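Chemist: Got entry_23.pdb for you, PDB, C-alpha atoms:
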ATOM      1  CA  MET A 667     160.428 169.172  74.602  1.00  0.00           C
ATOM      2  CA  THR A 668     159.648 166.920  71.686  1.00  0.00           C
ATOM      3  CA  LEU A 669     161.880 164.104  70.444  1.00  0.00           C
ATOM      4  CA  ARG A 670     161.133 162.022  67.336  1.00  0.00           C
ATOM      5  CA  LEU A 671     163.026 159.443  65.260  1.00  0.00           C
ATOM      6  CA  THR A 672     162.148 159.335  61.558  1.00  0.00           C
ATOM      7  CA  PRO A 673     163.553 157.034  58.846  1.00  0.00           C
ATOM      8  CA  TYR A 674     165.339 159.090  56.159  1.00  0.00           C
ATOM      9  CA  LEU A 675     166.074 157.641  52.712  1.00  0.00           C
ATOM     10  CA  MET A 676     168.988 159.043  50.700  1.00  0.00           C
ATOM     11  CA  MET A 677     168.454 158.452  46.998  1.00  0.00           C
ATOM     12  CA  ASP A 678     170.852 158.968  44.077  1.00  0.00           C
ATOM     13  CA  GLY A 679     168.809 161.175  41.755  1.00  0.00           C
ATOM     14  CA  ASN A 680     165.682 159.015  41.753  1.00  0.00           C
ATOM     15  CA  ALA A 681     163.835 160.371  44.832  1.00  0.00           C
ATOM     16  CA  LYS A 682     160.897 161.626  42.731  1.00  0.00           C
ATOM     17  CA  GLU A 683     160.494 158.147  41.227  1.00  0.00           C
ATOM     18  CA  ALA A 684     160.707 156.590  44.717  1.00  0.00           C
ATOM     19  CA  ILE A 685     158.062 159.021  46.026  1.00  0.00           C
ATOM     20  CA  GLN A 686     155.682 158.062  43.209  1.00  0.00           C
ATOM     21  CA  PHE A 687     156.357 154.385  43.923  1.00  0.00           C
ATOM     22  CA  TYR A 688     155.659 154.760  47.673  1.00  0.00           C
ATOM     23  CA  GLU A 689     152.494 156.757  46.946  1.00  0.00           C
ATOM     24  CA  LYS A 690     151.149 153.706  45.096  1.00  0.00           C
ATOM     25  CA  ALA A 691     152.765 150.850  47.057  1.00  0.00           C
ATOM     26  CA  LEU A 692     152.277 152.267  50.570  1.00  0.00           C
ATOM     27  CA  ASP A 693     149.414 154.731  49.994  1.00  0.00           C
ATOM     28  CA  ALA A 694     151.841 157.462  51.084  1.00  0.00           C
ATOM     29  CA  LYS A 695     150.775 161.090  51.077  1.00  0.00           C
ATOM     30  CA  VAL A 696     153.286 163.793  50.109  1.00  0.00           C
ATOM     31  CA  LEU A 697     153.332 166.455  52.837  1.00  0.00           C
ATOM     32  CA  PHE A 698     156.330 168.429  51.533  1.00  0.00           C
ATOM     33  CA  LEU A 699     158.683 168.342  48.551  1.00  0.00           C
ATOM     34  CA  GLN A 700     161.426 170.839  47.674  1.00  0.00           C
ATOM     35  CA  THR A 701     164.077 170.523  44.977  1.00  0.00           C
ATOM     36  CA  PHE A 702     167.597 171.938  45.221  1.00  0.00           C
ATOM     37  CA  GLY A 703     166.518 174.446  42.559  1.00  0.00           C
ATOM     38  CA  GLU A 704     163.755 175.744  44.854  1.00  0.00           C
ATOM     39  CA  MET A 705     166.115 176.388  47.774  1.00  0.00           C
ATOM     40  CA  PRO A 706     167.487 179.883  48.501  1.00  0.00           C
ATOM     41  CA  GLU A 707     170.417 180.630  46.192  1.00  0.00           C
ATOM     42  CA  ASN A 708     173.938 180.929  47.559  1.00  0.00           C
ATOM     43  CA  PRO A 709     176.106 183.111  45.275  1.00  0.00           C
ATOM     44  CA  GLU A 710     179.275 181.535  46.717  1.00  0.00           C
ATOM     45  CA  PHE A 711     178.130 178.068  45.600  1.00  0.00           C
ATOM     46  CA  PRO A 712     176.216 178.273  42.305  1.00  0.00           C
ATOM     47  CA  LEU A 713     173.910 175.325  41.745  1.00  0.00           C
ATOM     48  CA  PRO A 714     174.941 172.963  38.931  1.00  0.00           C
ATOM     49  CA  ALA A 715     172.236 172.389  36.306  1.00  0.00           C
ATOM     50  CA  ASP A 716     172.060 168.656  37.042  1.00  0.00           C
ATOM     51  CA  ALA A 717     171.187 169.403  40.702  1.00  0.00           C
ATOM     52  CA  LYS A 718     168.182 171.687  40.152  1.00  0.00           C
ATOM     53  CA  ASP A 719     165.555 168.957  39.749  1.00  0.00           C
ATOM     54  CA  ARG A 720     166.921 166.663  42.447  1.00  0.00           C
ATOM     55  CA  VAL A 721     164.903 166.465  45.669  1.00  0.00           C
ATOM     56  CA  ALA A 722     166.533 168.415  48.507  1.00  0.00           C
ATOM     57  CA  HIS A 723     163.921 167.280  51.042  1.00  0.00           C
ATOM     58  CA  ALA A 724     160.571 165.512  51.016  1.00  0.00           C
ATOM     59  CA  MET A 725     158.234 164.385  53.785  1.00  0.00           C
ATOM     60  CA  LEU A 726     155.701 161.601  53.272  1.00  0.00           C
ATOM     61  CA  LYS A 727     153.046 160.265  55.617  1.00  0.00           C
ATOM     62  CA  VAL A 728     152.659 156.492  55.547  1.00  0.00           C
ATOM     63  CA  GLY A 729     149.814 155.570  57.854  1.00  0.00           C
ATOM     64  CA  GLU A 730     150.793 157.104  61.197  1.00  0.00           C
ATOM     65  CA  THR A 731     154.502 157.317  60.323  1.00  0.00           C
ATOM     66  CA  ASP A 732     156.582 160.055  58.723  1.00  0.00           C
ATOM     67  CA  LEU A 733     159.114 159.094  56.061  1.00  0.00           C
ATOM     68  CA  MET A 734     161.716 161.585  54.787  1.00  0.00           C
ATOM     69  CA  LEU A 735     163.584 161.383  51.489  1.00  0.00           C
ATOM     70  CA  SER A 736     166.114 163.362  49.527  1.00  0.00           C
ATOM     71  CA  ASP A 737     168.566 162.925  46.693  1.00  0.00           C
ATOM     72  CA  THR A 738     172.283 163.178  47.136  1.00  0.00           C
ATOM     73  CA  PHE A 739     173.889 166.258  45.638  1.00  0.00           C
ATOM     74  CA  PRO A 740     175.511 165.397  42.278  1.00  0.00           C
ATOM     75  CA  GLY A 741     178.975 163.988  42.921  1.00  0.00           C
ATOM     76  CA  GLN A 742     178.304 162.971  46.531  1.00  0.00           C
ATOM     77  CA  PRO A 743     179.059 159.329  47.265  1.00  0.00           C
ATOM     78  CA  HIS A 744     176.057 157.018  47.349  1.00  0.00           C
ATOM     79  CA  GLN A 745     176.108 153.323  48.064  1.00  0.00           C
ATOM     80  CA  GLN A 746     172.958 151.303  47.664  1.00  0.00           C
ATOM     81  CA  GLY A 747     172.206 149.424  50.855  1.00  0.00           C
ATOM     82  CA  ASN A 748     173.316 152.101  53.315  1.00  0.00           C
ATOM     83  CA  GLN A 749     171.033 154.892  52.143  1.00  0.00           C
ATOM     84  CA  VAL A 750     168.709 154.641  55.157  1.00  0.00           C
ATOM     85  CA  THR A 751     169.524 157.083  57.962  1.00  0.00           C
ATOM     86  CA  ILE A 752     167.597 158.163  61.036  1.00  0.00           C
ATOM     87  CA  CYS A 753     166.547 161.767  61.520  1.00  0.00           C
ATOM     88  CA  ILE A 754     166.352 162.784  65.188  1.00  0.00           C
ATOM     89  CA  SER A 755     164.090 165.828  65.540  1.00  0.00           C
ATOM     90  CA  THR A 756     163.784 167.941  68.662  1.00  0.00           C
ATOM     91  CA  ASN A 757     162.664 171.470  69.448  1.00  0.00           C
ATOM     92  CA  ASP A 758     165.383 171.893  72.088  1.00  0.00           C
ATOM     93  CA  MET A 759     168.778 173.126  70.838  1.00  0.00           C
ATOM     94  CA  GLU A 760     170.582 171.943  73.988  1.00  0.00           C
ATOM     95  CA  LYS A 761     169.131 168.439  73.523  1.00  0.00           C
ATOM     96  CA  SER A 762     170.307 168.480  69.879  1.00  0.00           C
ATOM     97  CA  LYS A 763     173.839 169.385  71.002  1.00  0.00           C
ATOM     98  CA  GLN A 764     173.793 166.694  73.695  1.00  0.00           C
ATOM     99  CA  ILE A 765     172.629 163.981  71.256  1.00  0.00           C
ATOM    100  CA  TYR A 766     175.100 165.106  68.571  1.00  0.00           C
ATOM    101  CA  GLU A 767     178.041 165.070  71.002  1.00  0.00           C
ATOM    102  CA  ALA A 768     177.087 161.646  72.371  1.00  0.00           C
ATOM    103  CA  LEU A 769     176.646 160.024  68.941  1.00  0.00           C
ATOM    104  CA  GLN A 770     179.922 161.356  67.521  1.00  0.00           C
ATOM    105  CA  GLN A 771     182.067 159.717  70.230  1.00  0.00           C
ATOM    106  CA  ASP A 772     184.186 157.087  68.467  1.00  0.00           C
ATOM    107  CA  GLY A 773     182.123 157.858  65.337  1.00  0.00           C
ATOM    108  CA  GLN A 774     182.505 160.186  62.366  1.00  0.00           C
ATOM    109  CA  VAL A 775     181.230 163.717  61.795  1.00  0.00           C
ATOM    110  CA  ASN A 776     179.696 164.015  58.321  1.00  0.00           C
ATOM    111  CA  MET A 777     178.427 167.577  58.831  1.00  0.00           C
ATOM    112  CA  PRO A 778     179.162 169.685  61.924  1.00  0.00           C
ATOM    113  CA  LEU A 779     176.154 170.764  63.997  1.00  0.00           C
ATOM    114  CA  GLN A 780     175.412 174.238  62.650  1.00  0.00           C
ATOM    115  CA  GLU A 781     172.728 176.757  61.796  1.00  0.00           C
ATOM    116  CA  THR A 782     171.180 176.281  58.350  1.00  0.00           C
ATOM    117  CA  PHE A 783     168.403 178.090  56.500  1.00  0.00           C
ATOM    118  CA  PHE A 784     165.988 175.355  57.636  1.00  0.00           C
ATOM    119  CA  SER A 785     167.180 174.704  61.204  1.00  0.00           C
ATOM    120  CA  PRO A 786     168.931 176.575  64.025  1.00  0.00           C
ATOM    121  CA  ALA A 787     171.074 173.467  64.661  1.00  0.00           C
ATOM    122  CA  TYR A 788     171.474 170.663  62.097  1.00  0.00           C
ATOM    123  CA  GLY A 789     174.247 168.121  61.692  1.00  0.00           C
ATOM    124  CA  ILE A 790     174.989 164.602  60.459  1.00  0.00           C
ATOM    125  CA  VAL A 791     177.035 162.023  62.336  1.00  0.00           C
ATOM    126  CA  THR A 792     177.767 158.324  61.850  1.00  0.00           C
ATOM    127  CA  ASP A 793     178.054 156.558  65.187  1.00  0.00           C
ATOM    128  CA  LYS A 794     180.641 153.932  66.130  1.00  0.00           C
ATOM    129  CA  PHE A 795     178.280 151.186  64.896  1.00  0.00           C
ATOM    130  CA  GLY A 796     178.044 152.674  61.374  1.00  0.00           C
ATOM    131  CA  VAL A 797     174.516 154.085  61.817  1.00  0.00           C
ATOM    132  CA  THR A 798     174.077 157.578  60.354  1.00  0.00           C
ATOM    133  CA  PHE A 799     171.927 160.090  62.210  1.00  0.00           C
ATOM    134  CA  GLN A 800     170.726 163.493  61.087  1.00  0.00           C
ATOM    135  CA  ILE A 801     170.186 165.809  64.058  1.00  0.00           C
ATOM    136  CA  TYR A 802     167.457 168.325  63.222  1.00  0.00           C
ATOM    137  CA  THR A 803     166.374 171.121  65.563  1.00  0.00           C
ATOM    138  CA  GLU A 804     162.881 172.458  64.865  1.00  0.00           C
ATOM    139  CA  GLY A 805     162.117 176.187  64.912  1.00  0.00           C
ATOM    140  CA  HIS A 806     164.405 178.908  66.181  1.00  0.00           C
ATOM    141  CA  GLN A 807     165.562 179.166  69.769  1.00  0.00           C
TER     142      GLN A 807
END
If you convert what's in this file into C-alpha cells, what do you get?

Modeler:
Amino acid sequence: MTLRLTPYLMMDGNAKEAIQFYEKALDAKVLFLQTFGEMPENPEFPLPADAKDRVAHAMLKVGETDLMLSDTFPGQPHQQGNQVTICISTNDMEKSKQIYEALQQDGQVNMPLQETFFSPAYGIVTDKFGVTFQIYTEGHQ
C-alpha cells in the first residue's frame, strides 16, 4: 500500500498564471495539465463557456515534491488564504474509506467519497480543525 500527502492549491481562474509563475520562481516542471474543456463531457451537465479554459487538474514537480493545482469551477466559492488543501493519495480503497470516515467526524463533507472518471474512490472533507483534505484513490480496485 502506498500513502502520500501532497499540497493542493485551489485557484480562482488563474491556475495557468500560477503554474507559469512557479515554473520560473521554483523551477517547477509541469507533469500534467488538463482543463475542464478537455475532460469527458457529461450531457446532463453541459460545460459553461467560461469553464472550458480553467485548469481542472495539474501536477507539478518542485525538486523532490509534487504540487497539485486546479481552478475552482465558475461560481464555486473561493476565499484567498484558505485555498491550500492536502491531497491524500493511496492505492488501497479500504484505506481511503477509513481515512475519509475518520476525517469527517465532527467535520464537514464537501464531496462524498465516490467513484469518478479519474478515481475509483475520491472525496473531499474538511476536518474539525478546518483543514480540507482530498482523498484520492489511485487506479481501480

Chemist: Within 7 Å of Gln700 of chain A, counting all atoms listed in the file, which residues show up once you throw out same-chain ones fewer than 2 positions away? Write them as a PDB file with C-alpha atoms, in the coordinates of the input, please.

Modeler:
ATOM      1  CA  PHE A 698     156.330 168.429  51.533  1.00  0.00           C
ATOM      2  CA  PHE A 702     167.597 171.938  45.221  1.00  0.00           C
ATOM      3  CA  GLU A 704     163.755 175.744  44.854  1.00  0.00           C
ATOM      4  CA  VAL A 721     164.903 166.465  45.669  1.00  0.00           C
ATOM      5  CA  ALA A 722     166.533 168.415  48.507  1.00  0.00           C
ATOM      6  CA  HIS A 723     163.921 167.280  51.042  1.00  0.00           C
ATOM      7  CA  ALA A 724     160.571 165.512  51.016  1.00  0.00           C
TER       8      ALA A 724
END

Chemist: Leaving out Leu699 of chain A and any residue of its chain fewer than 6 positions from it, which residues lie within 12 Å of it when counting only C-alpha atoms, given as a ChimeraX atom specification?

Modeler: /A:681-682,685-686,705,719-726,733-737

Chemist: Assuming the chain letters and numbering stay as they are in my file, what does the PyMOL selection byres ((chain A and resi 693) around 12) actually select? List them as a compact mmCIF listing (two decimals) with C-alpha atoms, keeping the file's coordinate frame.

Modeler:
# COMPACT_ATOMS: atom_id res chain seq x y z
CA ILE A 685 158.06 159.02 46.03
CA GLN A 686 155.68 158.06 43.21
CA PHE A 687 156.36 154.38 43.92
CA TYR A 688 155.66 154.76 47.67
CA GLU A 689 152.49 156.76 46.95
CA LYS A 690 151.15 153.71 45.10
CA ALA A 691 152.76 150.85 47.06
CA LEU A 692 152.28 152.27 50.57
CA ALA A 694 151.84 157.46 51.08
CA LYS A 695 150.78 161.09 51.08
CA VAL A 696 153.29 163.79 50.11
CA LEU A 726 155.70 161.60 53.27
CA LYS A 727 153.05 160.26 55.62
CA VAL A 728 152.66 156.49 55.55
CA GLY A 729 149.81 155.57 57.85
CA GLU A 730 150.79 157.10 61.20
CA THR A 731 154.50 157.32 60.32

Chemist: Can you work out which one of A:Thr782, A:Asn680, A:Ser755, A:Thr803 has the shortest atom-to-atom distance to Pro740 of chain A, counting only C-alpha atoms?

Modeler: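 Going through A:Thr782, A:Asn680, A:Ser755, A:Thr803 one by one, the smallest distance to Pro740 of chain A is for A:Asn680.
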
Chemist: Using all atoms listed in the file, can you tell me which of A:Leu697, A:Ala715, A:Ile790, A:Met677 comes closest to Leu769 of chain A?

Modeler: A:Ile790

Chemist: Between atom CA of Glu804 of chain A and atom CA of Thr672 of chain A, what distance in Å does the model show, to one decimal?

Modeler: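 Here the two named atoms are 13.6 Å from each other.
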
Chemist: Find the residue from A:Asn776, A:Thr738, A:Gln764, A:Thr701 that sits nearest to Gly789 of chain A; use only C-alpha atoms when measuring.

Modeler: A:Asn776

Chemist: For Ile754 of chain A, which residue out of A:Gly805, A:Gly703, A:Phe799, A:Ser785 is the nearest one, using only C-alpha atoms?

Modeler: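 Closest candidate: A:Phe799.
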
Chemist: Would you kindly return, as a list in words, each protein, DNA or RNA residue with an atom no farther than 8 Å from any atom of Asp793 of chain A, considering only C-alpha atoms and excluding same-chain residues fewer than 5 positions away?

Modeler: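 My list of contacting residues is Leu769, Gln770, Gln771, Asp772, Gly773, Gln774, Thr798 and Phe799 of chain A.
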
Chemist: Using the chain letters and numbering of this document, enumerate as a ChimeraX atom specification the residues selected by the PyMOL selection byres ((chain A and resi 752) around 9).

Modeler: /A:671-675,750-751,753-754,797-801

Chemist: For the atom pair atom CA of Pro743 of chain A and atom CA of Tyr766 of chain A, what is the interatomic distance in Å to one decimal place?

Modeler: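 These atoms are spaced 22.4 Å apart.
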